[in-house]
Each structure stands twice: as structure tokens, then as C-alpha cells.
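Novice: What follows is a structure written as C-alpha cells; I'll ask about it next.
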Amino acid sequence: MLAETMVAQNVVFGILAVTMVAAAFRLVTTQNVVRAALFLAIVLAGAAGLYILLAAEFVAWVQVLVYIGAVVVLLLFGVMLTRAPIGRDADLDNDQRILGALVALFLLGSLGAVLLDGFGDQKLGTVAIRRTAEVSDSIFGAYVIPFEVSSVLLLAALVGAVALARRD
Amino acid sequence: MFAVEIPYWQLTILKTVIVLSIIPAAAVVLGYVFLLKMMAHMQSRMGPMEPGGFHGWFQLIGDGIKFIQKEDIIPGEADRRVFAMAPLVVLISTFLLYVVVPAGPRLVVQNLDVGIFYALAVSSLGVIGVLMAGWASANKFALLGSLRAAGQLIAYELPLVLAVVGVVIQANTMSLQGIVHAQADGAIFGLSWFGNPFILTQLVGFGIFLAAAQAELTQTPFDMPVAESELVAGYMTEYSGFRFLFFFMAEFGTAFALSAIAATLYFGGWYQPFFKTGIMADVMGPVVLGAKIMLIAFLIFWIRFTFPRFREDQLQAFAWKFLIPLSLINIMATAVFKVVL
């Protein structure tokens with residue numbers, strides 16, 4: 001029984017991973033800025049799928065609500081308000097491909113090394129679904145100070161945005 | 001009791017087929033009862049009388065068949081793929097809404113622990129489809145319409161979420177099934193015969209939810225995205241045939257789903273005081289829920305056919321300066337009563 005579920009999880013993980021990598025690749029190679037934003041939405045949806053695979057339901061739907069429902073929508077909104085021609089746009093490429101590839105390789109290497117070093121061939125075992133009540137208990141219990149600090153930070157950003165945007 | 005054991009994959013297919021058939025059925029029922037007949041009678045007309053023989057009940061099904069037969073027209077300048085995908089994105093968002101709505105103690109596709117939060121998250125996906133449709137049409141009216149729609153949907157997403165928080169505080173859970181049980185087992189002023197439908201304590205929240213739902217559905221008085229006197233038909237301008245049919249079904253399917261969620265949050269969902277558990281609760285559940293859905297849908301369409309359209313700035317001011325502060329006050333009041341009582 002256990003082996004079966006783990007196999008199913010692995011298959012789904014494979015599908016998600018291939019989709020995400022393909023969408024991420026198209027995201028940087030596409031010649032159209034709106035399509036790039038739509039590919040970003042696919043990548044973020046794949047990340048939400050990964051959270052569900054790890055039984056973190058609440059985080060997965062926060063990912064959908066915040067990143068796809070708000071960030072990508074704002075991105076699309078901003079792009080469409082300013083300049084979003086249909087079809088290919090040659091200006092989207094710049095001549096920093098090699099630098100970009102180097103940074104990506106460095107990120108891949110360092111993240112991979114950290115993950116291998118930290119977990120190695122450790123088995124995750126079965127993951128129990130974290131109920132939302134447990135998540136909120138830990139946010140407002142053990143992690144209440146980081147939570148409050150981040151909300152103060154967000155408030156400061158909000159006040160700053162208002163101060164920058166007001167006309168007088 | 002039924003002792004039928006259905007394998008997981010067959011059960012999944014069964015559930016998918018049922019949900020997929022609910023959306024067109026909901027569109028036909030809401031469209032016929034309210035859009036065709038109720039609006040006609042409010043305007044001293046008869047509405048369709050001929051198709052199908054009895055009060056024109058076949059009208060919308062005939063319209064659907066007509067739409068499917070039409071040619072699939074894509075504008076020459078359009079981004080073909082995005083244009084073709086957009087109605088599907090909107091429809092998928094509607095489809096996902098039905099997953100968590102319970103129609104009986106056991107009649108629910110998947111009783112998620114994050115229930116209502118999931119519903120709000122997937123309902124926000126439809127905006128992307130609307131933006132895709134407006135942009136890919138290569139039409140300035142369509143683009144303006146979709147930008148208006150996006151601004152409106154983002155603005156009214158907040159009061160929708162904040163209004164629900166009041167219910168979640170009172171019910172102690174985000175699972176829709178749990179919210180139904182919290183209302184069924186509750187008592188108000190010592191009366192427990194009909195439970196404690198949250199409409200009694202969350203009347204303000206219900207009002208905010210209904211106003212925000214009206215805007216999320218882009219129904220009049222919040223229908224600037226498809227304002228026909230300014231923008232032809234907004235983001236749907238270039239759509240015809242079965243792609244337009246998808247938008248139509250998504251609009252009325254979402255209206256049905258949001259009514260079902262409002263019925264579950266504020267009217268106790270499938271619950272009626274006579275059969276609380278057992279097979280009768282499952283049999284009565286869909287009927288009771290359906291009646292409550294029709295009641296709330298009636299409110300939505302009554303408002304739609306009564307009020308004239310807002311101006312764009314009035315719409316934004318209504319959301320940011322009135323609904324959101326009000327819903328924050330509602331949350332604080334609910335939280336205080338929760339702690340005190």
C-alpha cells in the first residue's frame with residue numbers, strides 16, 4: 001500500500017517537474033511578454049501542485065491565491081496597460097544570455113549541493129496532511145514574533161507606497 | 001444503507017461527470033428562470049413562450065445547440081492560441097469551485113480542510129482567463145473591458161475574503177462541511193430546533209458577500225467590463241459560437257456556485273431540521289440546497305434587473321472605501337463576540 005502511493009506521488013512529481021521546466025524554459029525564450037507572464041502562471045501552478053504533493057494544502061492554495069490570482073494578474077494588468085503587442089517582439093532579448101546561464105548554473109549547483117548535503121538519501125516516509133488549524137497554531141504560537149515583524153515590514157512598505165504615490 | 005464499494009478511479013470519474021454536467025444545467029436553469037422569465041415579467045413581457053411547448057423552456061437549450069453549430073471565428077490579428085485557451089481557463093475556474101460544495105452529509109466531491117479558502121483561491125483564477133481573452137482579441141474594446149474586469153475582480157476579491165472570515169471565526173473551521181455542521185448543531189437564544197444559520201449573526205457579512213459576489217460575477221450594477229453602451233461587449237466582443245457559449249456557461253455556472261457557497265456559509269447549506277443524518281439527509285440535501293441556491297440567485301438577479309450601472313470610479317470607491325472597512329469592522333466585532341460569549 002505504502003509503496004503504491006509513493007509510486008503514484010513520484011509519477012505525479014515527474015509530470016509536474018517536466019511541465020514546470022518546460023514552461024520555465026518557454027518563459028525565458030518566448031518573444032512575447034504576455035505569453036511569458038502566462039508561462040509564469042503555469043510554473044507557479046506547478047509549484048502549488050508540488051505543495052499539494054507534500055500534503056501542505058493550505059500553502060498550496062495560498063500560492064494559488066497570492067501568486068497566480070494576484071501577482072500574475074497584476075503583472076498582466078501592468079503589461080497590458082502599458083505596452084503589450086500581439087506577436088513577436090524582438091526587443092525582449094538582451095545580450096546577457098551567457099551571464100544569465102552562469103547565474104542559473106551557479107544557483108542549480110549551490111541549491112543541489114545544499115539539498116544533497118542536508119538530506120542525502122534520507123527517506124521522507126509518509127507525509128501526514130497538516131491541518132490548517134495546526135498551521136495557524138504554529139504561526140500564532142511558536143512563530144508569532146517573526147509573523148509580527150513581517151507584518152510590520154509589510155505595513156512599512158504600504159505606507160512607503162502611499163507616500164511615493166501621493167501627488168502633493 | 002448502501003454497501004456498494006466503488007473503486008477510487010471510478011468514483012473520481014463519476015464525480016467529474018456529475019460536476020461537469022452541473023455547470024451547463026446550472027446555466028440553463030438560472031438563465032431560463034431568471035434571465036429569460038423573471039426579467040421578462042419584471043418588464044411586463046412574457047419572455048419566450050413557444051420553444052418546447054411549455055412557457056418556452058427549451059429556449060436556452062436551443063440557443064446552446066445553435067452556438068455549437070456556428071463557425072469558430074478567430075480574428076486575423078489575434079493571438080490564436082491564447083484566444084482559444086481563454087474561455088477554457090474561465091470554465092476550469094468555475095469547474096473547480098464545485099469541488100468543495102457539499103450537497104449532503106456524504107454528497108461532496110472532496111471535503112477539503114481548507115474548504116472555503118480553496119474556493120476563493122480558485123475563483124480568482126478566472127481573472128487570468130478574462131485578461132487573456134481581452135488581450136488576445138486584438139481589439140481595443142476587448143482590452144479595455146478586460147482591464148476593467150481585472151481591476152474590478154481584484155478590488156472585490158478582498159471584501160469577499162474578508163466577509164467569509166467572520167463565518168470562519170464563528171464556525172471554527174474552514175471546511176464547508178464543518179461550517180454546515182457548525183450551523184446545524186448551533187443554537188441561538190437557546191433555540192436549537194433549526195440550528196443557528198449564520199445569516200442571523202452575520203447579516204452584515206452576508207450583505208458584503210452578496211455585493212462582492214455581484215461584482216465578481218460582473219452583474220449589473222457592476223457590469224462595466226461588458227458595458228454595451230461603451231465597450232460593445234467588453235472582453236467577449238470577438239467571441240462567438242461555442243467559445244462564447246463557454247463564457248456564458250462560466251458566468252451562470254459561477255453564479256450558481258457562488259450562490260451555493262453563500263447558501264452553505266449563511267443558510268446552513270444542505271441542512272434542514274428534520275433529517276440531520278442518515279440516508280434521508282443525503283436525499284433531501286440537494287433539494288434543500290437547491291432551494292436555498294435559487295433564493296440567493298433570485299436576490300442576485302433581482303438586483304441585476306433593478307439597478308442601473310455604476311460609474312467606474314464609484315465602483316472602486318464602493319469597494320475600497322465602504323465594503324472593505326465595513327468587513328474589517330465585521331471581523332473585529334465577530335472576534336470580540338467570539339471571545340466574550
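Chain identifiers are assigned as A, B, and so on, following the order in which chains appear in the C-alpha cells; residues are numbered from 1 within each chain, and ligands are numbered from 1 in order of appearance.
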I need the chain B residues near chain A as a list in words; criterion: at most 7 Å, counting only C-alpha atoms.

Specialist: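 Those within range of chain A come out as Asp79, Asp113, Val114, Tyr118, Ala121, Ser124, Leu125, Ile128 and Leu147 of chain B.
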
Novice: Based on the selection just made, write N, CA and C atoms of those residues as a CSV table (one decimal), in the first residue's frame.

Specialist:
chain,number,residue,atom,x,y,z
B,79,ASP,N,-4.0,36.6,-31.2
B,79,ASP,CA,-3.0,35.6,-30.8
B,79,ASP,C,-3.9,34.3,-30.6
B,113,ASP,N,-10.0,20.3,4.0
B,113,ASP,CA,-9.9,21.0,5.2
B,113,ASP,C,-9.8,22.5,5.1
B,114,VAL,N,-9.3,23.0,3.9
B,114,VAL,CA,-9.2,24.4,3.7
B,114,VAL,C,-10.4,25.0,2.9
B,118,TYR,N,-10.0,27.4,-0.4
B,118,TYR,CA,-9.8,26.8,-1.7
B,118,TYR,C,-10.7,27.4,-2.7
B,121,ALA,N,-9.6,30.8,-3.6
B,121,ALA,CA,-8.4,30.8,-4.4
B,121,ALA,C,-8.7,30.5,-5.9
B,124,SER,N,-10.3,33.0,-8.1
B,124,SER,CA,-9.5,34.1,-8.6
B,124,SER,C,-8.8,33.8,-9.8
B,125,LEU,N,-8.8,32.5,-10.2
B,125,LEU,CA,-8.1,32.1,-11.5
B,125,LEU,C,-8.9,32.6,-12.7
B,128,ILE,N,-7.5,35.6,-14.9
B,128,ILE,CA,-6.5,35.4,-15.9
B,128,ILE,C,-7.1,35.0,-17.2
B,147,LEU,N,-9.3,44.9,-18.9
B,147,LEU,CA,-8.6,45.7,-17.8
B,147,LEU,C,-9.6,46.1,-16.7

Novice: Could you list, as a PyMOL selection string, every residue within 7 Å of Pro102 of chain B, counting only C-alpha atoms and ignoring same-chain residues fewer than 5 positions away?

Specialist: chain B and resi 107-108+176-177

Novice: Restricting the calculation to only C-alpha atoms: of B:Ile279, B:Gly205, B:Thr237, B:Pro308, which residue gets closest to Ile329 of chain B?

Specialist: B:Gly205

Novice: Using only C-alpha atoms, which of the listed residues (B:Gly234, B:Gly129, B:Pro159, B:Pro273) sits closest to Leu326 of chain B?

Specialist: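 Of B:Gly234, B:Gly129, B:Pro159, B:Pro273, the one nearest Leu326 of chain B is B:Pro159, counting only C-alpha atoms.
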
Novice: Taking only C-alpha atoms into account, which of A:Leu27, A:Ala45, A:Leu108, A:Ala37 comes nearest Val122 of chain B?

Specialist: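 Of A:Leu27, A:Ala45, A:Leu108, A:Ala37, the one nearest Val122 of chain B is A:Ala45, counting only C-alpha atoms.
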